[in-house]
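Remarks on the structure that follows.
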Amino acid sequence: MLIIDCPHCGPRHEQEFHYGKQAHVAYPQDPSALTDAEWARYLFYRDNPRGPHAERWVHTAGCRRWFNVVRDTLTYEIKAVYRAGEQPPQEYAALARPRGGVPAATTDQAVDPGTADTTKEA
Ligand SMILES: [Zn+2]
């Protein structure tokens, strides 16, 4: 059983959450300019590390907000939780760098859904 510390609600059982794939995958600035191979790489290629992995989660049975988690894929231990729009703690900063082979010119200024704050504070 995982206890996930929602940054808005506090610690809750994992059944209240849904996994939302890898965090910090920037949406290409101009998707129509990508080749089919680049678009496929953006859509389907994700890191699959043994160890810390930045992930997006949503608290579906609670506040319904998205946030980011650094979870160790070997131990399932949650190393850090941070709100959308924030960067991971310094020791995991490398997990927030764009990856995946999409040309850097199209990802440097792209919107990163892992850091874009799509929530509004009440
Ligand atoms: Zn919550």
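Identifiers in the structure tokens: chain A, B, ... in order shown; residue index from 1 per chain; ligand index from 1 in order shown.
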
task: Would you list the residues that come within 6 Å of ligand 1? Count only C-alpha atoms and all ligand atoms and give the answer as a list in words.
output: Cys6, His8, Cys9, His59, Gly62 and Cys63 of chain A

Using the selection just defined, write its residues with C-alpha atoms as a CSV table (one decimal), in the first residue's frame.
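Final output, saved to selection19.csv:
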```
chain,number,residue,atom,x,y,z
A,6,CYS,CA,-1.1,15.1,-2.0
A,8,HIS,CA,-3.1,20.0,-1.5
A,9,CYS,CA,-4.9,17.5,0.8
A,59,HIS,CA,-5.9,13.0,-6.9
A,62,GLY,CA,-9.9,14.1,-3.6
A,63,CYS,CA,-9.0,17.6,-4.9
```

- request: Compile the contact shell of range 50-54 of chain A as a PyMOL selection string: residues with an atom at most 6 Å away, counting only C-alpha atoms, same-chain residues fewer than 4 positions apart removed.
  value: chain A and resi 22-23+69-74

task: Have a look at A:Trp66, A:Ser32, A:His24, A:Trp57 and name the one nearest to Gln87 in chain A; count only C-alpha atoms.
output: A:His24

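Comparing the minimum interatomic distances between Gln29 in chain A and each of A:Tyr92, A:Tyr42, A:Phe67, A:Phe17, counting only C-alpha atoms, we find that A:Tyr42 sits nearest.
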
message: For the helix (DSSP H, G or I) assignment from backbone DSSP, which residues of range 1-60 of chain A qualify? Please present them as a PyMOL selection string.
response: chain A and resi 14-16+31-33+36-44

message: Taking 5 positions as the minimum chain separation for residues in the same chain, which residues sit within 7 Å of Asn68 in chain A when counting only C-alpha atoms? Answer as an MDAnalysis selection string.
response: chainID A and resid 23 54:57 81:84 114

- prompt: Out of A:Thr60, A:Glu91, A:Asp5, A:Tyr76, which residue has the shortest atom-to-atom distance to Tyr19 in chain A when counting only C-alpha atoms?
  reply: A:Thr60

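Counting from CA of Ala26 in chain A, the distance to CA of Gln90 in chain A is 19.4 Å.
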